[in-house]
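**Q** Sending over upload-v9.cif (mmCIF, C-alpha atoms).
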```
data_my_file
#
loop_
_atom_site.label_atom_id
_atom_site.label_comp_id
_atom_site.auth_asym_id
_atom_site.auth_seq_id
_atom_site.Cartn_x
_atom_site.Cartn_y
_atom_site.Cartn_z
CA MET V 1284 0.00 0.00 0.00
CA ASP V 1285 1.14 3.50 -0.83
CA VAL V 1286 2.18 5.12 2.45
CA ARG V 1287 0.23 8.23 1.41
CA GLU V 1288 -2.96 6.18 1.76
CA GLN V 1289 -2.28 5.41 5.40
CA TYR V 1290 -3.55 8.83 6.49
CA LEU V 1291 -7.34 9.03 6.49
CA ALA V 1292 -9.23 11.99 7.93
CA GLU V 1293 -12.87 12.05 8.93
CA PRO V 1294 -15.43 11.64 7.40
CA TYR V 1295 -13.73 9.77 4.55
CA GLN V 1296 -13.86 5.98 4.38
CA THR V 1297 -11.19 5.41 1.73
CA ALA V 1298 -8.02 7.18 0.65
CA ALA V 1299 -9.34 7.45 -2.91
CA GLN V 1300 -12.48 9.19 -1.67
CA GLN V 1301 -10.41 11.59 0.41
CA ARG V 1302 -8.12 12.44 -2.48
CA GLU V 1303 -10.99 12.94 -4.90
CA ALA V 1304 -12.81 15.25 -2.47
CA SER V 1305 -9.65 17.27 -1.85
CA PHE V 1306 -9.03 17.82 -5.53
CA LEU V 1307 -12.69 18.56 -6.25
CA GLY V 1308 -12.81 21.20 -3.51
CA MET V 1309 -9.57 22.78 -4.66
CA TRP V 1310 -10.57 22.86 -8.31
CA LEU V 1311 -13.90 24.48 -7.40
CA PHE V 1312 -12.03 27.15 -5.48
CA LEU V 1313 -9.59 27.68 -8.35
CA ALA V 1314 -12.55 27.94 -10.75
CA THR V 1315 -13.90 30.91 -8.79
CA GLU V 1316 -10.48 32.57 -8.98
CA ILE V 1317 -10.28 31.93 -12.72
CA MET V 1318 -13.73 33.47 -13.23
CA MET V 1319 -12.70 36.57 -11.29
CA PHE V 1320 -9.52 37.10 -13.30
CA GLY V 1321 -11.37 36.09 -16.46
CA VAL V 1322 -13.61 39.12 -16.05
CA LEU V 1323 -10.49 41.30 -15.78
CA PHE V 1324 -9.10 39.86 -19.00
CA LEU V 1325 -12.41 40.53 -20.74
CA VAL V 1326 -12.31 44.16 -19.54
CA ILE V 1327 -8.70 44.55 -20.72
CA THR V 1328 -9.48 43.02 -24.13
CA TYR V 1329 -12.63 45.10 -24.61
CA TYR V 1330 -10.84 48.30 -23.64
CA ARG V 1331 -8.01 47.56 -26.06
CA LEU V 1332 -10.48 47.05 -28.90
CA GLN V 1333 -12.35 50.25 -28.06
CA HIS V 1334 -9.31 52.48 -27.51
CA PRO V 1335 -6.32 50.99 -29.37
CA ALA V 1336 -4.45 54.28 -29.77
CA ALA V 1337 -4.86 55.28 -26.11
CA VAL V 1338 -3.81 51.84 -24.90
CA GLY V 1339 -0.79 51.96 -27.20
CA GLU V 1340 0.19 55.30 -25.68
CA ALA V 1341 -0.07 53.92 -22.14
CA VAL V 1342 1.76 50.67 -22.92
CA GLN V 1343 4.79 52.59 -24.20
CA HIS V 1344 5.32 53.92 -20.67
CA LEU V 1345 5.15 50.51 -18.94
CA HIS V 1346 8.40 48.79 -17.99
CA ALA V 1347 8.12 45.57 -19.99
CA VAL V 1348 11.71 44.44 -19.30
CA LEU V 1349 11.20 44.70 -15.55
CA ALA V 1350 7.92 42.80 -15.83
CA GLY V 1351 9.67 40.18 -17.97
CA PHE V 1352 12.24 39.68 -15.21
CA ASN V 1353 9.37 39.26 -12.77
CA SER V 1354 7.92 36.58 -15.06
CA VAL V 1355 11.18 34.66 -14.79
CA LEU V 1356 11.03 34.92 -10.99
CA LEU V 1357 7.52 33.47 -10.84
CA LEU V 1358 8.30 30.69 -13.31
CA THR V 1359 11.36 29.72 -11.29
CA GLY V 1360 9.20 29.67 -8.16
CA SER V 1361 6.77 27.34 -9.94
CA LEU V 1362 9.65 25.02 -10.85
CA CYS V 1363 10.67 24.89 -7.18
CA MET V 1364 7.06 24.20 -6.23
CA SER V 1365 6.81 21.28 -8.67
CA LEU V 1366 10.04 19.79 -7.33
CA MET V 1367 8.72 20.27 -3.79
CA VAL V 1368 5.56 18.28 -4.54
CA GLN V 1369 7.67 15.42 -5.87
CA ALA V 1370 9.89 15.51 -2.78
CA SER V 1371 6.84 15.53 -0.47
CA ARG V 1372 5.57 12.31 -2.06
CA LEU V 1373 8.89 10.71 -1.19
CA GLY V 1374 8.87 12.04 2.37
CA HIS V 1375 12.05 14.12 2.01
CA TYR V 1376 11.39 16.61 4.79
CA ARG V 1377 14.53 18.69 4.45
CA ARG V 1378 14.29 19.01 0.69
CA VAL V 1379 10.62 19.94 0.95
CA GLN V 1380 11.43 22.73 3.39
CA GLN V 1381 14.30 24.00 1.26
CA LEU V 1382 12.17 24.08 -1.88
CA LEU V 1383 9.29 25.77 -0.06
CA LEU V 1384 11.66 28.46 1.21
CA LEU V 1385 13.05 28.92 -2.31
CA THR V 1386 9.52 29.25 -3.67
CA ALA V 1387 8.68 31.86 -1.02
CA PHE V 1388 11.93 33.70 -1.83
CA PHE V 1389 11.03 33.99 -5.52
CA GLY V 1390 7.52 35.12 -4.58
CA LEU V 1391 8.90 37.81 -2.27
CA ALA V 1392 11.41 38.85 -4.94
CA PHE V 1393 8.52 39.23 -7.38
CA LEU V 1394 6.69 41.46 -4.90
CA GLY V 1395 9.85 43.49 -4.27
CA VAL V 1396 10.39 44.12 -7.98
CA LYS V 1397 6.72 44.99 -8.40
CA ALA V 1398 6.89 47.48 -5.52
CA PHE V 1399 9.97 49.08 -7.13
CA GLU V 1400 8.08 49.25 -10.44
CA TYR V 1401 5.08 50.89 -8.76
CA GLY V 1402 7.39 53.46 -7.18
CA TRP V 1403 8.97 54.20 -10.55
CA GLU V 1404 5.57 54.58 -12.20
CA TYR V 1405 4.32 56.79 -9.37
CA ARG V 1406 7.29 59.14 -9.77
CA GLU V 1407 6.55 59.30 -13.49
CA GLY V 1408 2.95 60.29 -12.77
CA LEU V 1409 1.48 57.15 -14.35
CA LEU V 1410 -0.38 55.63 -11.41
CA PRO V 1411 -3.75 56.80 -10.10
CA GLY V 1412 -3.29 59.59 -7.55
CA ALA V 1413 0.32 60.28 -8.52
CA GLY V 1414 1.52 63.71 -7.53
CA GLU V 1415 3.37 64.43 -10.78
CA ALA V 1416 1.54 65.50 -13.91
CA SER V 1417 0.81 62.47 -16.04
CA PRO V 1418 2.81 62.19 -19.28
CA LEU V 1419 -0.25 60.56 -20.84
CA LYS V 1420 -2.18 63.02 -22.97
CA SER V 1421 -5.31 60.96 -23.47
CA GLU V 1422 -7.92 60.48 -20.76
CA ALA V 1423 -8.50 56.96 -22.12
CA ALA V 1424 -4.79 56.18 -21.69
CA ARG V 1425 -4.93 57.31 -18.07
CA LEU V 1426 -7.98 55.11 -17.51
CA PHE V 1427 -6.05 52.14 -18.91
CA MET V 1428 -3.39 52.77 -16.26
CA ASN V 1429 -6.15 52.46 -13.65
CA ILE V 1430 -7.07 49.09 -15.11
CA TYR V 1431 -3.40 48.11 -15.15
CA PHE V 1432 -2.91 49.10 -11.52
CA PHE V 1433 -6.03 47.30 -10.29
CA SER V 1434 -5.18 44.11 -12.21
CA THR V 1435 -1.55 43.90 -11.11
CA ALA V 1436 -2.34 44.93 -7.51
CA LEU V 1437 -5.00 42.21 -7.26
CA HIS V 1438 -2.49 39.70 -8.59
CA ALA V 1439 0.13 40.93 -6.10
CA VAL V 1440 -2.35 40.30 -3.27
CA HIS V 1441 -2.72 36.71 -4.48
CA VAL V 1442 1.06 36.31 -4.63
CA SER V 1443 1.28 37.61 -1.05
CA VAL V 1444 -1.34 35.09 0.10
CA ALA V 1445 0.49 32.29 -1.71
CA VAL V 1446 3.79 33.24 -0.02
CA LEU V 1447 2.13 33.28 3.41
CA ILE V 1448 0.63 29.83 2.79
CA VAL V 1449 4.01 28.48 1.69
CA LEU V 1450 5.73 29.88 4.78
CA GLY V 1451 2.93 28.41 6.90
CA MET V 1452 3.67 24.98 5.42
CA VAL V 1453 7.35 25.42 6.29
CA LEU V 1454 6.42 26.11 9.93
CA ARG V 1455 4.04 23.17 10.09
CA ILE V 1456 6.75 20.81 8.83
CA HIS V 1457 9.37 22.36 11.11
CA PHE V 1458 7.22 21.82 14.21
CA ALA V 1459 6.25 18.29 13.10
CA HIS V 1460 2.60 19.19 12.50
CA MET V 1461 2.62 17.61 9.05
CA LYS V 1462 3.61 14.02 8.44
CA LEU V 1463 5.09 13.16 5.06
CA PRO V 1464 4.41 11.54 2.69
CA GLN V 1465 1.02 10.83 4.26
CA ARG V 1466 -0.01 14.50 4.06
CA ALA V 1467 1.64 15.20 0.71
CA ILE V 1468 -1.78 15.94 -0.75
CA THR V 1469 -1.93 19.12 1.36
CA LEU V 1470 1.23 20.36 -0.33
CA GLU V 1471 -0.17 19.37 -3.70
CA MET V 1472 -3.12 21.72 -3.04
CA VAL V 1473 -0.68 24.51 -2.16
CA GLY V 1474 1.15 23.77 -5.38
CA LEU V 1475 -2.05 24.08 -7.42
CA TYR V 1476 -2.79 27.48 -5.93
CA TRP V 1477 0.75 28.68 -6.62
CA HIS V 1478 0.56 27.52 -10.23
CA LEU V 1479 -2.76 29.34 -10.67
CA VAL V 1480 -1.20 32.59 -9.47
CA ASP V 1481 1.69 32.00 -11.84
CA MET V 1482 -0.63 31.24 -14.75
CA VAL V 1483 -2.61 34.44 -14.18
CA TRP V 1484 0.59 36.48 -14.45
CA ILE V 1485 1.61 34.66 -17.63
CA PHE V 1486 -1.60 36.02 -19.19
CA LEU V 1487 -1.44 39.44 -17.51
CA TYR V 1488 2.11 40.13 -18.69
CA PRO V 1489 1.44 40.12 -22.45
CA SER V 1490 -2.07 41.54 -22.05
CA LEU V 1491 -0.86 44.62 -20.21
CA TYR V 1492 2.76 45.11 -21.25
CA LEU V 1493 3.21 43.72 -24.76
CA VAL V 1494 0.06 43.92 -26.89
CA GLY V 1495 -0.05 47.34 -28.51
CA ARG V 1496 3.62 48.14 -27.87
CA ALA V 1497 5.42 49.61 -30.87
CA ALA V 1498 8.12 47.36 -32.33
#
```
Could you spell out this file's structure in structure tokens?
**A**
Amino acid sequence: MDVREQYLAEPYQTAAQQREASFLGMWLFLATEIMMFGVLFLVITYYRLQHPAAVGEAVQHLHAVLAGFNSVLLLTGSLCMSLMVQASRLGHYRRVQQLLLLTAFFGLAFLGVKAFEYGWEYREGLLPGAGEASPLKSEAARLFMNIYFFSTALHAVHVSVAVLIVLGMVLRIHFAHMKLPQRAITLEMVGLYWHLVDMVWIFLYPSLYLVGRAA
């Protein structure tokens, strides 16, 4: 018998039932997140179609290279998360903790770079409420920056939550509150959430920074 099937929580009667319920619950939760961000992508796409010139003006002021570097950080964090899930199934406590900490590090690095980018944009007068006069001439371009800020800030909140969950898993393992590989499924759920956050950014990056940018 797979050692992961030796852990059985109430009210489940079989390991297969427990695993199926865990994945079903997680996928339902992820579906609600996808619907929320899906609405944002629809708004971004509609606005681009309605105001292509204004969006093009705004996109020229965004820091695509910095955002591209942030994409690399998140993708590297996802790689660490995938390796962590594999290690958890084998019961390698130390490696799991190391990979979780690496994942959290890349998530925090992403947030740090994003905060620096926000500061840069604020000084340039691009963000809502910025003290400096906006370099954007069109009102529609300034509105696109509002959409940009809301979308990326909402994503940053999700990254922050994901980092906190990852660090919480590190503490649980450190204080022996999580037995591996029996509870590896818990870490698999954490991995799914992390990958969702990563996937959202993979779509946000080209939608906000690249489409409409002059060659």
**Q** Kindly resolve the PyMOL selection byres ((chain V and resi 1371) around 9) on the present coordinates and return the residues as an mmCIF file with C-alpha atoms, keeping the file's coordinate frame.
**A**
```cif
data_model
loop_
_atom_site.group_PDB
_atom_site.id
_atom_site.type_symbol
_atom_site.label_atom_id
_atom_site.label_comp_id
_atom_site.auth_asym_id
_atom_site.auth_seq_id
_atom_site.Cartn_x
_atom_site.Cartn_y
_atom_site.Cartn_z
ATOM 1 C CA LEU V 1366 10.040 19.790 -7.330
ATOM 2 C CA MET V 1367 8.720 20.270 -3.790
ATOM 3 C CA VAL V 1368 5.560 18.280 -4.540
ATOM 4 C CA GLN V 1369 7.670 15.420 -5.870
ATOM 5 C CA ALA V 1370 9.890 15.510 -2.780
ATOM 6 C CA ARG V 1372 5.570 12.310 -2.060
ATOM 7 C CA LEU V 1373 8.890 10.710 -1.190
ATOM 8 C CA GLY V 1374 8.870 12.040 2.370
ATOM 9 C CA HIS V 1375 12.050 14.120 2.010
ATOM 10 C CA TYR V 1376 11.390 16.610 4.790
ATOM 11 C CA ARG V 1378 14.290 19.010 0.690
ATOM 12 C CA VAL V 1379 10.620 19.940 0.950
ATOM 13 C CA LEU V 1463 5.090 13.160 5.060
ATOM 14 C CA PRO V 1464 4.410 11.540 2.690
ATOM 15 C CA GLN V 1465 1.020 10.830 4.260
ATOM 16 C CA ARG V 1466 -0.010 14.500 4.060
ATOM 17 C CA ALA V 1467 1.640 15.200 0.710
ATOM 18 C CA ILE V 1468 -1.780 15.940 -0.750
ATOM 19 C CA LEU V 1470 1.230 20.360 -0.330
ATOM 20 C CA GLU V 1471 -0.170 19.370 -3.700
#
```
**Q** From the options V:Glu1422, V:Glu1316, V:Glu1340, V:Glu1407, which residue's atoms come nearest to Val1483 (chain V), counting only C-alpha atoms?
**A**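 Smallest separation from Val1483 (chain V) among the options: V:Glu1316.
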**Q** One decimal, in Å: what's the spacing between CA of Leu1362 (chain V) and CA of Thr1435 (chain V)?
**A**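 Computing it gives 22.0 Å between the two atoms.
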**Q** Let me know the residues the PyMOL selection byres ((chain V and resi 1439-1442) around 10) catches in the file above, as a JSON list (two decimals) with C-alpha atoms, in the frame of the given file.
**A**
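Writing the result to out33.json gives the following:
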```
[["chain", "number", "residue", "atom", "x", "y", "z"],
["V", 1316, "GLU", "CA", -10.48, 32.57, -8.98],
["V", 1357, "LEU", "CA", 7.52, 33.47, -10.84],
["V", 1387, "ALA", "CA", 8.68, 31.86, -1.02],
["V", 1390, "GLY", "CA", 7.52, 35.12, -4.58],
["V", 1391, "LEU", "CA", 8.90, 37.81, -2.27],
["V", 1393, "PHE", "CA", 8.52, 39.23, -7.38],
["V", 1394, "LEU", "CA", 6.69, 41.46, -4.90],
["V", 1397, "LYS", "CA", 6.72, 44.99, -8.40],
["V", 1398, "ALA", "CA", 6.89, 47.48, -5.52],
["V", 1433, "PHE", "CA", -6.03, 47.30, -10.29],
["V", 1434, "SER", "CA", -5.18, 44.11, -12.21],
["V", 1435, "THR", "CA", -1.55, 43.90, -11.11],
["V", 1436, "ALA", "CA", -2.34, 44.93, -7.51],
["V", 1437, "LEU", "CA", -5.00, 42.21, -7.26],
["V", 1438, "HIS", "CA", -2.49, 39.70, -8.59],
["V", 1443, "SER", "CA", 1.28, 37.61, -1.05],
["V", 1444, "VAL", "CA", -1.34, 35.09, 0.10],
["V", 1445, "ALA", "CA", 0.49, 32.29, -1.71],
["V", 1446, "VAL", "CA", 3.79, 33.24, -0.02],
["V", 1447, "LEU", "CA", 2.13, 33.28, 3.41],
["V", 1448, "ILE", "CA", 0.63, 29.83, 2.79],
["V", 1476, "TYR", "CA", -2.79, 27.48, -5.93],
["V", 1477, "TRP", "CA", 0.75, 28.68, -6.62],
["V", 1479, "LEU", "CA", -2.76, 29.34, -10.67],
["V", 1480, "VAL", "CA", -1.20, 32.59, -9.47],
["V", 1481, "ASP", "CA", 1.69, 32.00, -11.84],
["V", 1483, "VAL", "CA", -2.61, 34.44, -14.18],
["V", 1484, "TRP", "CA", 0.59, 36.48, -14.45]]
```
**Q** Using the chain letters and numbering of this document, enumerate as a PyMOL selection string the residues selected by the PyMOL selection byres ((chain V and resi 1490) around 12).
**A** chain V and resi 1323-1331+1338-1339+1342+1345+1347+1350+1427+1430-1431+1434-1435+1483-1489+1491-1496
**Q** Pick out the residues sitting within 8 Å of Ala1337 (chain V), and hand them over as an mmCIF file with C-alpha atoms, in the coordinates of the input; count all atoms listed in the file, and ignore anything fewer than 4 positions along from it in its own chain.
**A**
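Written out: result36.cif:
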```
data_model
loop_
_atom_site.group_PDB
_atom_site.id
_atom_site.type_symbol
_atom_site.label_atom_id
_atom_site.label_comp_id
_atom_site.auth_asym_id
_atom_site.auth_seq_id
_atom_site.Cartn_x
_atom_site.Cartn_y
_atom_site.Cartn_z
ATOM 1 C CA ALA V 1341 -0.070 53.920 -22.140
ATOM 2 C CA SER V 1421 -5.310 60.960 -23.470
ATOM 3 C CA ALA V 1423 -8.500 56.960 -22.120
ATOM 4 C CA ALA V 1424 -4.790 56.180 -21.690
ATOM 5 C CA PHE V 1427 -6.050 52.140 -18.910
#
```
**Q** Closest to Met1461 (chain V) among V:Gly1412, V:Gln1380, V:Ser1361, V:Phe1320, using only C-alpha atoms?
**A**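 Selected residue with least distance to Met1461 (chain V): V:Gln1380.
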**Q** What is the distance between CA of Val1348 (chain V) and CA of Phe1388 (chain V), in Å to one decimal?
**A**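 Atom-to-atom, CA of Val1348 (chain V) and CA of Phe1388 (chain V) are spaced 20.5 Å apart.
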